[in-house]
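Enquirer: mmCIF, C-alpha atoms, saved as run16.cif, coming up:
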data_structure
#
loop_
_atom_site.label_atom_id
_atom_site.label_comp_id
_atom_site.auth_asym_id
_atom_site.auth_seq_id
_atom_site.Cartn_x
_atom_site.Cartn_y
_atom_site.Cartn_z
CA MET V 192 92.00 76.71 122.55
CA SER V 193 90.12 77.40 125.77
CA GLY V 194 91.60 80.81 126.53
CA ASP V 195 92.65 79.52 129.96
CA GLU V 196 96.15 78.45 128.98
CA LYS V 197 98.86 79.32 131.48
CA VAL V 198 101.81 79.87 129.15
CA VAL V 199 102.13 81.45 125.70
CA VAL V 200 104.84 79.85 123.60
CA ILE V 201 105.97 82.17 120.81
CA PRO V 202 108.46 81.01 118.17
CA CYS V 203 110.31 83.36 115.87
CA SER V 204 108.77 83.65 112.42
CA GLY V 205 111.19 81.22 110.84
CA ILE V 206 110.96 82.38 107.24
CA GLY V 207 114.66 82.87 106.61
CA LYS V 208 116.43 79.89 108.11
CA ALA V 209 116.02 76.21 108.95
CA LEU V 210 116.56 77.04 112.63
CA GLY V 211 113.57 79.37 112.50
CA LYS V 212 111.47 76.53 111.14
CA VAL V 213 112.79 74.36 113.99
CA SER V 214 111.53 76.93 116.50
CA ARG V 215 108.09 76.95 114.88
CA ILE V 216 107.80 73.15 114.80
CA ALA V 217 109.03 72.94 118.40
CA ALA V 218 106.27 75.32 119.48
CA TYR V 219 103.64 73.14 117.79
CA LYS V 220 105.06 70.06 119.51
CA VAL V 221 104.81 71.77 122.91
CA ILE V 222 101.18 72.72 122.31
CA GLU V 223 100.40 69.20 121.17
CA GLU V 224 101.98 67.81 124.31
CA LYS V 225 100.42 70.32 126.72
CA PRO V 226 97.20 71.52 125.08
CA LYS V 227 95.62 72.64 128.35
CA THR V 228 98.66 74.56 129.51
CA ALA V 229 100.29 76.06 126.45
CA ARG V 230 99.13 78.02 123.45
CA THR V 231 100.88 80.01 120.77
CA LEU V 232 100.37 83.46 119.30
CA CYS V 233 101.25 84.99 115.95
CA LEU V 234 104.48 86.88 116.59
CA ALA V 235 103.57 89.36 113.84
CA LEU V 236 100.67 90.59 116.00
CA LEU V 237 103.25 91.90 118.45
CA THR V 238 105.22 93.55 115.65
CA VAL V 239 102.14 95.57 114.66
CA GLY V 240 101.17 96.34 118.26
CA ASP V 241 97.87 94.44 118.26
CA GLU V 242 95.98 95.44 121.40
CA GLU V 243 94.42 92.06 122.18
CA ALA V 244 97.74 90.26 121.73
CA GLY V 245 99.42 92.83 123.98
CA LYS V 246 96.86 92.22 126.73
CA LEU V 247 97.39 88.47 126.51
CA ILE V 248 101.16 88.54 126.81
CA SER V 249 101.17 91.12 129.58
CA SER V 250 98.91 88.92 131.69
CA THR V 251 100.26 85.47 130.79
CA PRO V 252 103.85 84.22 131.12
CA CYS V 253 105.54 83.80 127.73
CA ILE V 254 108.30 81.51 126.54
CA ALA V 255 110.18 82.70 123.46
CA ILE V 256 111.78 80.22 121.08
CA ASP V 257 114.37 81.92 118.92
CA GLY V 258 116.16 80.45 115.93
CA CYS V 259 119.03 82.91 115.71
CA PRO V 260 120.88 85.55 117.73
CA ASN V 261 118.54 88.28 116.45
CA GLN V 262 116.16 87.01 119.16
CA CYS V 263 113.07 88.32 117.33
CA SER V 264 110.61 86.55 119.58
CA ALA V 265 112.09 87.61 122.92
CA LYS V 266 112.66 91.17 121.73
CA ASN V 267 109.13 91.54 120.36
CA ILE V 268 107.69 90.19 123.62
CA LEU V 269 109.72 92.63 125.68
CA ALA V 270 108.95 95.54 123.34
CA SER V 271 105.26 94.73 123.81
CA LYS V 272 105.67 94.73 127.61
CA GLY V 273 105.04 91.00 127.80
CA LYS V 274 105.93 88.74 130.73
CA LEU V 275 108.97 86.89 129.38
CA LEU V 276 109.33 83.82 131.55
CA ALA V 277 112.14 82.21 129.53
CA GLU V 278 113.85 82.21 126.19
CA VAL V 279 115.01 79.00 124.55
CA MET V 280 117.64 79.48 121.85
CA VAL V 281 117.64 76.82 119.13
CA THR V 282 121.32 77.56 118.54
CA ASP V 283 122.13 76.64 122.16
CA VAL V 284 120.35 73.30 121.84
CA LEU V 285 122.14 72.67 118.55
CA ARG V 286 125.50 73.49 120.16
CA ASN V 287 124.85 70.67 122.65
CA ASN V 288 123.91 68.32 119.81
CA ARG V 289 126.60 69.06 117.24
CA GLY V 290 125.96 65.94 115.20
CA LEU V 291 122.63 67.31 113.97
CA LYS V 292 122.53 69.06 110.59
CA PRO V 293 119.07 70.66 110.33
CA GLN V 294 118.04 71.73 106.84
CA GLY V 295 114.93 72.93 105.04
CA VAL V 296 112.38 75.67 105.60
CA ILE V 297 109.40 74.39 103.62
CA GLU V 298 110.02 70.98 105.12
CA LEU V 299 112.57 70.07 107.78
CA ASN V 300 114.88 67.10 107.30
CA GLU V 301 115.14 64.33 109.92
CA ASP V 302 117.84 66.16 111.87
CA GLY V 303 115.69 69.29 111.92
CA LEU V 304 112.75 67.34 113.34
CA ARG V 305 115.01 65.72 115.92
CA LEU V 306 116.30 69.16 116.94
CA ALA V 307 112.70 70.42 117.19
CA ASP V 308 111.96 67.52 119.56
CA LEU V 309 114.90 68.53 121.76
CA VAL V 310 113.89 72.20 121.77
CA ALA V 311 110.30 71.24 122.59
CA LYS V 312 111.51 69.12 125.50
CA GLU V 313 113.45 72.06 126.88
CA VAL V 314 110.37 74.29 126.64
CA VAL V 315 108.19 71.64 128.31
CA ASP V 316 110.75 71.37 131.13
CA ARG V 317 110.55 75.13 131.64
CA ILE V 318 106.74 74.97 131.71
CA ASN V 319 106.78 72.09 134.18
CA GLY V 320 109.05 74.15 136.38
CA VAL V 321 106.45 76.87 136.84
CA VAL V 322 103.05 75.33 136.18
CA LYS V 323 101.99 72.70 138.69
CA MET O 12 121.94 104.82 96.65
CA ALA O 13 120.74 103.24 93.40
CA LEU O 14 117.75 100.99 93.87
CA PRO O 15 118.13 97.41 92.63
CA THR O 16 116.08 96.59 89.55
CA THR O 17 116.57 92.85 89.67
CA GLU O 18 115.29 91.79 93.07
CA VAL O 19 112.00 92.04 94.91
CA GLY O 20 111.55 91.60 98.67
CA ILE O 21 108.83 89.25 99.83
CA ILE O 22 107.66 89.64 103.40
CA SER O 23 105.39 87.01 104.90
CA CYS O 24 103.44 87.24 108.13
CA SER O 25 104.49 84.70 110.74
CA GLY O 26 100.98 83.33 111.19
CA GLU O 27 101.79 80.66 113.76
CA GLU O 28 98.21 80.43 115.02
CA ILE O 29 96.36 79.78 111.79
CA PRO O 30 96.73 77.48 108.76
CA GLU O 31 96.62 80.51 106.45
CA GLY O 32 99.79 81.80 108.15
CA THR O 33 101.62 78.56 107.47
CA ILE O 34 100.40 78.71 103.85
CA ALA O 35 101.74 82.29 103.57
CA LEU O 36 105.12 81.11 104.78
CA VAL O 37 105.25 78.03 102.54
CA ALA O 38 104.10 80.00 99.48
CA THR O 39 106.78 82.61 100.12
CA ARG O 40 109.46 79.93 100.34
CA LEU O 41 108.19 78.28 97.14
CA VAL O 42 108.78 81.57 95.32
CA LEU O 43 112.19 82.13 96.93
CA GLU O 44 113.42 78.58 96.32
CA LYS O 45 111.66 77.43 93.15
CA LEU O 46 109.63 79.98 91.17
CA ARG O 47 111.83 83.13 91.25
CA PRO O 48 115.00 82.16 93.13
CA ASP O 49 117.23 84.76 91.45
CA ARG O 50 114.73 87.57 91.65
CA THR O 51 113.58 87.51 95.25
CA VAL O 52 114.86 88.05 98.78
CA THR O 53 113.14 87.99 102.16
CA ILE O 54 113.45 89.16 105.73
CA CYS O 55 111.84 87.89 108.93
CA LEU O 56 108.98 90.32 109.66
CA PRO O 57 109.61 90.58 113.45
CA LEU O 58 113.07 91.95 112.65
CA PHE O 59 111.41 95.26 111.85
CA LEU O 60 110.93 95.65 115.58
CA ALA O 61 113.80 93.51 116.88
CA GLY O 62 116.42 94.63 114.39
CA ASP O 63 118.26 97.83 113.61
CA ARG O 64 118.13 100.54 110.96
CA ASN O 65 119.50 98.23 108.26
CA GLU O 66 116.58 95.85 108.69
CA ARG O 67 114.04 98.66 108.82
CA ASP O 68 115.40 100.04 105.55
CA PHE O 69 114.49 96.78 103.75
CA ALA O 70 111.40 98.16 101.98
CA LYS O 71 113.27 101.31 101.06
CA VAL O 72 115.99 99.27 99.34
CA PHE O 73 113.76 96.64 97.73
CA PRO O 74 110.33 96.98 96.19
CA THR O 75 108.29 94.64 98.38
CA ILE O 76 105.34 92.29 98.22
CA THR O 77 103.66 91.41 101.52
CA VAL O 78 101.95 88.05 102.04
CA ASP O 79 99.44 87.82 104.88
CA GLY O 80 97.48 84.88 106.18
CA CYS O 81 94.41 86.82 107.33
CA ASP O 82 92.78 90.19 107.00
CA LYS O 83 94.62 91.57 110.01
CA ARG O 84 97.37 92.05 107.39
CA CYS O 85 100.24 92.17 109.90
CA ALA O 86 102.93 91.98 107.20
CA GLN O 87 101.39 94.80 105.19
CA VAL O 88 100.82 97.00 108.25
CA ALA O 89 104.24 96.36 109.82
CA THR O 90 106.05 96.90 106.52
CA SER O 91 104.15 100.13 105.84
CA ASN O 92 104.62 101.48 109.37
CA LEU O 93 108.18 100.39 110.08
CA SER O 94 109.92 100.15 106.70
CA GLY O 95 108.19 101.38 103.56
CA ARG O 96 105.02 101.02 101.51
CA PRO O 97 104.73 97.64 99.76
CA ALA O 98 104.28 97.50 95.99
CA TYR O 99 101.65 94.76 96.32
CA SER O 100 99.86 92.99 99.16
CA ILE O 101 98.46 89.48 98.99
CA VAL O 102 96.12 87.87 101.53
CA VAL O 103 95.92 84.06 101.66
CA SER O 104 92.35 83.98 102.99
CA ASP O 105 91.21 85.92 99.88
CA ILE O 106 92.78 83.37 97.54
CA ALA O 107 91.51 80.46 99.67
CA LYS O 108 87.93 81.65 99.04
CA LYS O 109 88.36 80.46 95.45
CA TYR O 110 88.63 76.91 96.85
CA PRO O 111 85.47 76.64 98.98
CA THR O 112 85.59 72.87 99.25
CA ILE O 113 89.05 72.89 100.86
CA LYS O 114 88.92 73.19 104.63
CA LEU O 115 92.13 74.60 106.08
CA LYS O 116 93.17 72.94 109.34
CA SER O 117 96.91 72.22 109.39
CA LEU O 118 99.45 74.35 111.22
CA ASP O 119 102.25 72.07 110.07
CA ASN O 120 102.51 69.36 107.40
CA LEU O 121 100.06 70.87 104.93
CA THR O 122 97.75 68.39 103.22
CA GLU O 123 97.83 68.01 99.43
CA ASP O 124 94.72 70.21 99.20
CA GLU O 125 96.31 72.87 101.39
CA MET O 126 99.48 72.66 99.27
CA LYS O 127 97.28 73.36 96.23
CA ILE O 128 96.33 76.70 97.81
CA ALA O 129 99.97 77.36 98.78
CA ARG O 130 100.98 76.82 95.15
CA ALA O 131 98.20 79.16 93.96
CA VAL O 132 99.42 81.83 96.40
CA ALA O 133 102.99 81.27 95.21
CA GLU O 134 101.92 81.73 91.57
CA GLU O 135 100.19 84.97 92.54
CA ILE O 136 103.32 86.21 94.32
CA ALA O 137 105.47 85.28 91.30
CA ALA O 138 103.13 87.21 88.99
CA LYS O 139 103.45 90.26 91.23
CA VAL O 140 107.24 89.87 91.26
CA ASP O 141 107.24 89.98 87.47
CA ALA O 142 104.90 92.99 87.44
CA THR O 143 107.06 94.82 89.97
CA LEU O 144 110.24 94.23 88.00
CA LYS O 145 108.59 95.23 84.75
CA ARG O 146 107.34 98.46 86.31
CA ARG O 147 110.73 99.23 87.83
CA SER O 148 112.53 98.42 84.61
CA ALA O 149 110.21 100.76 82.69
CA LYS O 150 110.89 103.52 85.24
CA THR O 151 114.68 103.21 85.06
CA GLY O 152 114.72 102.74 81.31
#
Could you write out this file's structure as C-alpha cells?
Expert:
Amino acid sequence: MSGDEKVVVIPCSGIGKALGKVSRIAAYKVIEEKPKTARTLCLALLTVGDEEAGKLISSTPCIAIDGCPNQCSAKNILASKGKLLAEVMVTDVLRNNRGLKPQGVIELNEDGLRLADLVAKEVVDRINGVVK
Amino acid sequence: MALPTTEVGIISCSGEEIPEGTIALVATRLVLEKLRPDRTVTICLPLFLAGDRNERDFAKVFPTITVDGCDKRCAQVATSNLSGRPAYSIVVSDIAKKYPTIKLKSLDNLTEDEMKIARAVAEEIAAKVDATLKRRSAKTG
C-alpha cells in the first residue's frame, strides 16, 4: 500500500455470519480491482480507538460494508469521527438477488462468492462516483 | 444471574489488513464449528462499540478467550475496556514464530501452510477452552 489511497473500504468483522464474510471478501475484491485508489483498515483498530487509524479515517473518505443491520462498520467509523462517504449493506444487495443462498464463514460457497462480487461492484461504483 | 459453566466466549480481532488477522478469524471458526462446537460462542468484536448493553455484557456473562492477529491486541484491549477481562489471550503472531519457514501473505484463501498455523492456533484456543471450563467447574463445585 502506498499510503496515498483515496478511499478506505472497511468491512464488518464477519466472524458471526456468512454475510459478514461476504463483506470481507467484497472489500478484498475492491482493493484488488482498485489498488491505487482503495485500501482497507482493521475495523478492530477503531473499536479500540487507535490514534493512527483515527487520523486516517478522519482525513480520508470511508466506505463501510456491513453484513447485518447492526451496522458495525458504519457505526465504528462514525464513533471514531471518520468521514463516512457511503455504506453498502450486504443484506440490501441480497434482497435484490433473492436466488442467492450464501453460506459458510471459513469458506464461502459459490453463491456467497457471487454475492461478494455484486457487493464489490456496488462499492466500486460508489468509488468511481467520487474519485476521478 | 448464574454464570454458565458450559460455554466459553471466543472473541477474535477482525484483522482485515494482515494475514494473521484472517488466521485469527479462521482459527476461531474452526473451534466454533469443529473442535468445541457445543462449548463455545462468539460475538463480533466491533459490536462492543456499535451494539448495546447486552453486547457489552458478553464478557461478564461468558468467560472469554481473545484471539488477536498482532501485538496491538485489539480483541484483548477492546474486551477488557468495553466488556470484561478475558480469561486467556492468544496472539497469532506469537504462535506463527514457531513456524519460521512459513511466510504469511494471504488475506483470503489461506494456503495449506497458513492453514497449518490456523489449525495450531485453533488447537491452542481449544486447550484454553478446556482449561477455562475446568477452572470454572472447580469453582462452582
Enquirer: Show me which bits of chain O are within 6 Å of chain V, counting only C-alpha atoms, as a VMD selection string.
Expert: chain O and resid 25 to 28 37 55 57 to 58 61 85 89
Enquirer: On this file, the PyMOL selection byres ((chain V and resi 258) around 6) gives some set of residues; write that set as number ranges by chain.
Expert: V: 210-211, 214, 257, 259, 281
Enquirer: Could you spell out the hits of the PyMOL selection byres ((chain O and resi 90-107) around 7) on the shown file, as JSON, numbers by chain?
Expert: {"O": [31, 35, 59, 67, 68, 69, 70, 71, 74, 75, 76, 77, 78, 79, 80, 81, 82, 86, 87, 88, 89, 108, 109, 110, 128, 132]}
Enquirer: Determine the residue set returned by the PyMOL selection byres ((chain V and resi 301-312) around 8) for the present structure, and present it as a VMD selection string.
Expert: chain V and resid 209 to 210 213 to 214 216 to 218 220 to 221 279 281 284 to 285 291 to 295 299 to 300 313 to 316
Enquirer: At what distance in Å, to one decimal, does atom CA of Glu18 of chain O lie from atom CA of Thr143 of chain O?
Expert: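 Those two atoms sit 9.3 Å apart.
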Enquirer: Counting only C-alpha atoms, what is within 7 Å of Leu118 of chain O, bar same-chain residues fewer than 4 positions away, as a list in words?
Expert: Ile29, Pro30 and Thr33 of chain O
Enquirer: Got time to write the residues from that selection, C-alpha atoms, as a compact mmCIF listing (two decimals), in the coordinates of the input?
Expert:
# COMPACT_ATOMS: atom_id res chain seq x y z
CA ILE O 29 96.36 79.78 111.79
CA PRO O 30 96.73 77.48 108.76
CA THR O 33 101.62 78.56 107.47
Enquirer: Find, counting all atoms listed in the file, the residue in V:Ile256, V:Val321, V:Ile222, V:Ala244 that gets nearest to Thr282 of chain V.
Expert: V:Ile256
Enquirer: Name all residues at most 8 Å from Leu41 of chain O (count all atoms listed in the file; drop same-chain ones fewer than 5 positions away) and give them as a VMD selection string.
Expert: (chain V and resid 297) or (chain O and resid 46 130 133)
Enquirer: State, in Å with one decimal place, the distance from atom CA of Ala277 of chain V to atom CA of Leu247 of chain V.
Expert: 16.3 Å
Enquirer: Give me the box for segment 24-31 of chain O as AutoDock Vina command-line options, namely the centre and edge lengths in Å to one decimal of a box along x, y and z that holds every listed atom plus 5 Å on each side.
Expert:
--center_x 100.4 --center_y 82.4 --center_z 110.7 --size_x 18.1 --size_y 19.8 --size_z 18.6
Enquirer: What separation in Å, quoted to one decimal, exists between atom CA of Leu43 of chain O and atom CA of Glu134 of chain O?
Expert: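 Pair atom CA of Leu43 of chain O / atom CA of Glu134 of chain O returns 11.6 Å.
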Enquirer: Nearest residue to Asp49 of chain O out of O:Asp119, O:Thr151, O:Pro111, O:Val19, using only C-alpha atoms?
Expert: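 Answer, going by the shortest atom-to-atom distance: O:Val19.
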Enquirer: I'd like the contact shell of Asp124 of chain O - 9 Å cut-off, all atoms listed in the file, skipping same-chain residues fewer than 6 positions apart - returned as a list in words.
Expert: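 Using all atoms listed in the file, the neighbours found are Ile113, Lys114 and Leu115 of chain O.
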Enquirer: Could you write those residues out with C-alpha atoms, as a PDB file, in the frame of the given file?
Expert:
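Below you can see again.pdb, which holds the result:
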ATOM      1  CA  ILE O 113      89.050  72.890 100.860  1.00  0.00           C
ATOM      2  CA  LYS O 114      88.920  73.190 104.630  1.00  0.00           C
ATOM      3  CA  LEU O 115      92.130  74.600 106.080  1.00  0.00           C
TER       4      LEU O 115
END
Enquirer: Place a sphere of radius 6 Å on (102.8, 88.7, 132.7) in the file coordinates and name every protein, DNA or RNA residue with an atom inside or on its surface, counting only C-alpha atoms; give the answer as a PDB file with C-alpha atoms, keeping the file's coordinate frame.
Expert:
ATOM      1  CA  SER V 249     101.170  91.120 129.580  1.00  0.00           C
ATOM      2  CA  SER V 250      98.910  88.920 131.690  1.00  0.00           C
ATOM      3  CA  THR V 251     100.260  85.470 130.790  1.00  0.00           C
ATOM      4  CA  PRO V 252     103.850  84.220 131.120  1.00  0.00           C
ATOM      5  CA  GLY V 273     105.040  91.000 127.800  1.00  0.00           C
ATOM      6  CA  LYS V 274     105.930  88.740 130.730  1.00  0.00           C
TER       7      LYS V 274
END
Enquirer: For segment 280-308 of chain V, supply N, CA and C atoms and format the output as a PDB file, keeping the file's coordinate frame.
Expert:
ATOM      1  N   MET V 280     116.943  79.221 123.111  1.00  0.00           N
ATOM      2  CA  MET V 280     117.640  79.480 121.850  1.00  0.00           C
ATOM      3  C   MET V 280     117.899  78.168 121.136  1.00  0.00           C
ATOM      4  N   VAL V 281     117.409  78.046 119.904  1.00  0.00           N
ATOM      5  CA  VAL V 281     117.640  76.820 119.130  1.00  0.00           C
ATOM      6  C   VAL V 281     119.135  76.594 118.933  1.00  0.00           C
ATOM      7  N   THR V 282     119.875  77.690 118.758  1.00  0.00           N
ATOM      8  CA  THR V 282     121.320  77.560 118.540  1.00  0.00           C
ATOM      9  C   THR V 282     122.019  76.949 119.757  1.00  0.00           C
ATOM     10  N   ASP V 283     121.532  77.237 120.952  1.00  0.00           N
ATOM     11  CA  ASP V 283     122.130  76.640 122.160  1.00  0.00           C
ATOM     12  C   ASP V 283     121.889  75.136 122.197  1.00  0.00           C
ATOM     13  N   VAL V 284     120.673  74.739 121.854  1.00  0.00           N
ATOM     14  CA  VAL V 284     120.350  73.300 121.840  1.00  0.00           C
ATOM     15  C   VAL V 284     121.177  72.602 120.767  1.00  0.00           C
ATOM     16  N   LEU V 285     121.339  73.261 119.635  1.00  0.00           N
ATOM     17  CA  LEU V 285     122.140  72.670 118.550  1.00  0.00           C
ATOM     18  C   LEU V 285     123.604  72.530 118.974  1.00  0.00           C
ATOM     19  N   ARG V 286     124.099  73.528 119.708  1.00  0.00           N
ATOM     20  CA  ARG V 286     125.500  73.490 120.160  1.00  0.00           C
ATOM     21  C   ARG V 286     125.733  72.257 121.045  1.00  0.00           C
ATOM     22  N   ASN V 287     124.717  71.857 121.787  1.00  0.00           N
ATOM     23  CA  ASN V 287     124.850  70.670 122.650  1.00  0.00           C
ATOM     24  C   ASN V 287     124.564  69.376 121.909  1.00  0.00           C
ATOM     25  N   ASN V 288     124.204  69.507 120.636  1.00  0.00           N
ATOM     26  CA  ASN V 288     123.910  68.320 119.810  1.00  0.00           C
ATOM     27  C   ASN V 288     124.548  68.523 118.435  1.00  0.00           C
ATOM     28  N   ARG V 289     125.873  68.627 118.441  1.00  0.00           N
ATOM     29  CA  ARG V 289     126.600  69.060 117.240  1.00  0.00           C
ATOM     30  C   ARG V 289     126.477  68.111 116.057  1.00  0.00           C
ATOM     31  N   GLY V 290     126.086  66.898 116.304  1.00  0.00           N
ATOM     32  CA  GLY V 290     125.960  65.940 115.200  1.00  0.00           C
ATOM     33  C   GLY V 290     124.778  66.236 114.283  1.00  0.00           C
ATOM     34  N   LEU V 291     123.835  67.039 114.763  1.00  0.00           N
ATOM     35  CA  LEU V 291     122.630  67.310 113.970  1.00  0.00           C
ATOM     36  C   LEU V 291     122.895  68.357 112.898  1.00  0.00           C
ATOM     37  N   LYS V 292     122.375  68.110 111.707  1.00  0.00           N
ATOM     38  CA  LYS V 292     122.530  69.060 110.590  1.00  0.00           C
ATOM     39  C   LYS V 292     121.129  69.424 110.058  1.00  0.00           C
ATOM     40  N   PRO V 293     120.440  70.311 110.760  1.00  0.00           N
ATOM     41  CA  PRO V 293     119.070  70.660 110.330  1.00  0.00           C
ATOM     42  C   PRO V 293     119.063  71.423 109.013  1.00  0.00           C
ATOM     43  N   GLN V 294     118.172  71.046 108.129  1.00  0.00           N
ATOM     44  CA  GLN V 294     118.040  71.730 106.840  1.00  0.00           C
ATOM     45  C   GLN V 294     116.575  71.791 106.433  1.00  0.00           C
ATOM     46  N   GLY V 295     116.273  72.811 105.605  1.00  0.00           N
ATOM     47  CA  GLY V 295     114.930  72.930 105.040  1.00  0.00           C
ATOM     48  C   GLY V 295     114.080  73.957 105.759  1.00  0.00           C
ATOM     49  N   VAL V 296     113.328  74.724 104.988  1.00  0.00           N
ATOM     50  CA  VAL V 296     112.380  75.670 105.600  1.00  0.00           C
ATOM     51  C   VAL V 296     110.950  75.259 105.241  1.00  0.00           C
ATOM     52  N   ILE V 297     110.738  74.886 103.984  1.00  0.00           N
ATOM     53  CA  ILE V 297     109.400  74.390 103.620  1.00  0.00           C
ATOM     54  C   ILE V 297     109.145  73.095 104.386  1.00  0.00           C
ATOM     55  N   GLU V 298     110.141  72.251 104.400  1.00  0.00           N
ATOM     56  CA  GLU V 298     110.020  70.980 105.120  1.00  0.00           C
ATOM     57  C   GLU V 298     111.363  70.665 105.776  1.00  0.00           C
ATOM     58  N   LEU V 299     111.330  70.388 107.069  1.00  0.00           N
ATOM     59  CA  LEU V 299     112.570  70.070 107.780  1.00  0.00           C
ATOM     60  C   LEU V 299     113.040  68.658 107.459  1.00  0.00           C
ATOM     61  N   ASN V 300     114.368  68.472 107.430  1.00  0.00           N
ATOM     62  CA  ASN V 300     114.880  67.100 107.300  1.00  0.00           C
ATOM     63  C   ASN V 300     114.805  66.390 108.666  1.00  0.00           C
ATOM     64  N   GLU V 301     115.235  65.145 108.690  1.00  0.00           N
ATOM     65  CA  GLU V 301     115.140  64.330 109.920  1.00  0.00           C
ATOM     66  C   GLU V 301     115.869  64.983 111.082  1.00  0.00           C
ATOM     67  N   ASP V 302     117.066  65.518 110.804  1.00  0.00           N
ATOM     68  CA  ASP V 302     117.840  66.160 111.870  1.00  0.00           C
ATOM     69  C   ASP V 302     117.103  67.400 112.403  1.00  0.00           C
ATOM     70  N   GLY V 303     116.449  68.113 111.505  1.00  0.00           N
ATOM     71  CA  GLY V 303     115.690  69.290 111.920  1.00  0.00           C
ATOM     72  C   GLY V 303     114.546  68.899 112.844  1.00  0.00           C
ATOM     73  N   LEU V 304     113.862  67.815 112.499  1.00  0.00           N
ATOM     74  CA  LEU V 304     112.750  67.340 113.340  1.00  0.00           C
ATOM     75  C   LEU V 304     113.249  66.848 114.691  1.00  0.00           C
ATOM     76  N   ARG V 305     114.413  66.192 114.669  1.00  0.00           N
ATOM     77  CA  ARG V 305     115.010  65.720 115.920  1.00  0.00           C
ATOM     78  C   ARG V 305     115.366  66.918 116.814  1.00  0.00           C
ATOM     79  N   LEU V 306     115.944  67.951 116.189  1.00  0.00           N
ATOM     80  CA  LEU V 306     116.300  69.160 116.940  1.00  0.00           C
ATOM     81  C   LEU V 306     115.035  69.825 117.508  1.00  0.00           C
ATOM     82  N   ALA V 307     113.971  69.843 116.710  1.00  0.00           N
ATOM     83  CA  ALA V 307     112.700  70.420 117.190  1.00  0.00           C
ATOM     84  C   ALA V 307     112.196  69.650 118.408  1.00  0.00           C
ATOM     85  N   ASP V 308     112.350  68.330 118.397  1.00  0.00           N
ATOM     86  CA  ASP V 308     111.960  67.520 119.560  1.00  0.00           C
ATOM     87  C   ASP V 308     112.737  67.953 120.812  1.00  0.00           C
TER      88      ASP V 308
END
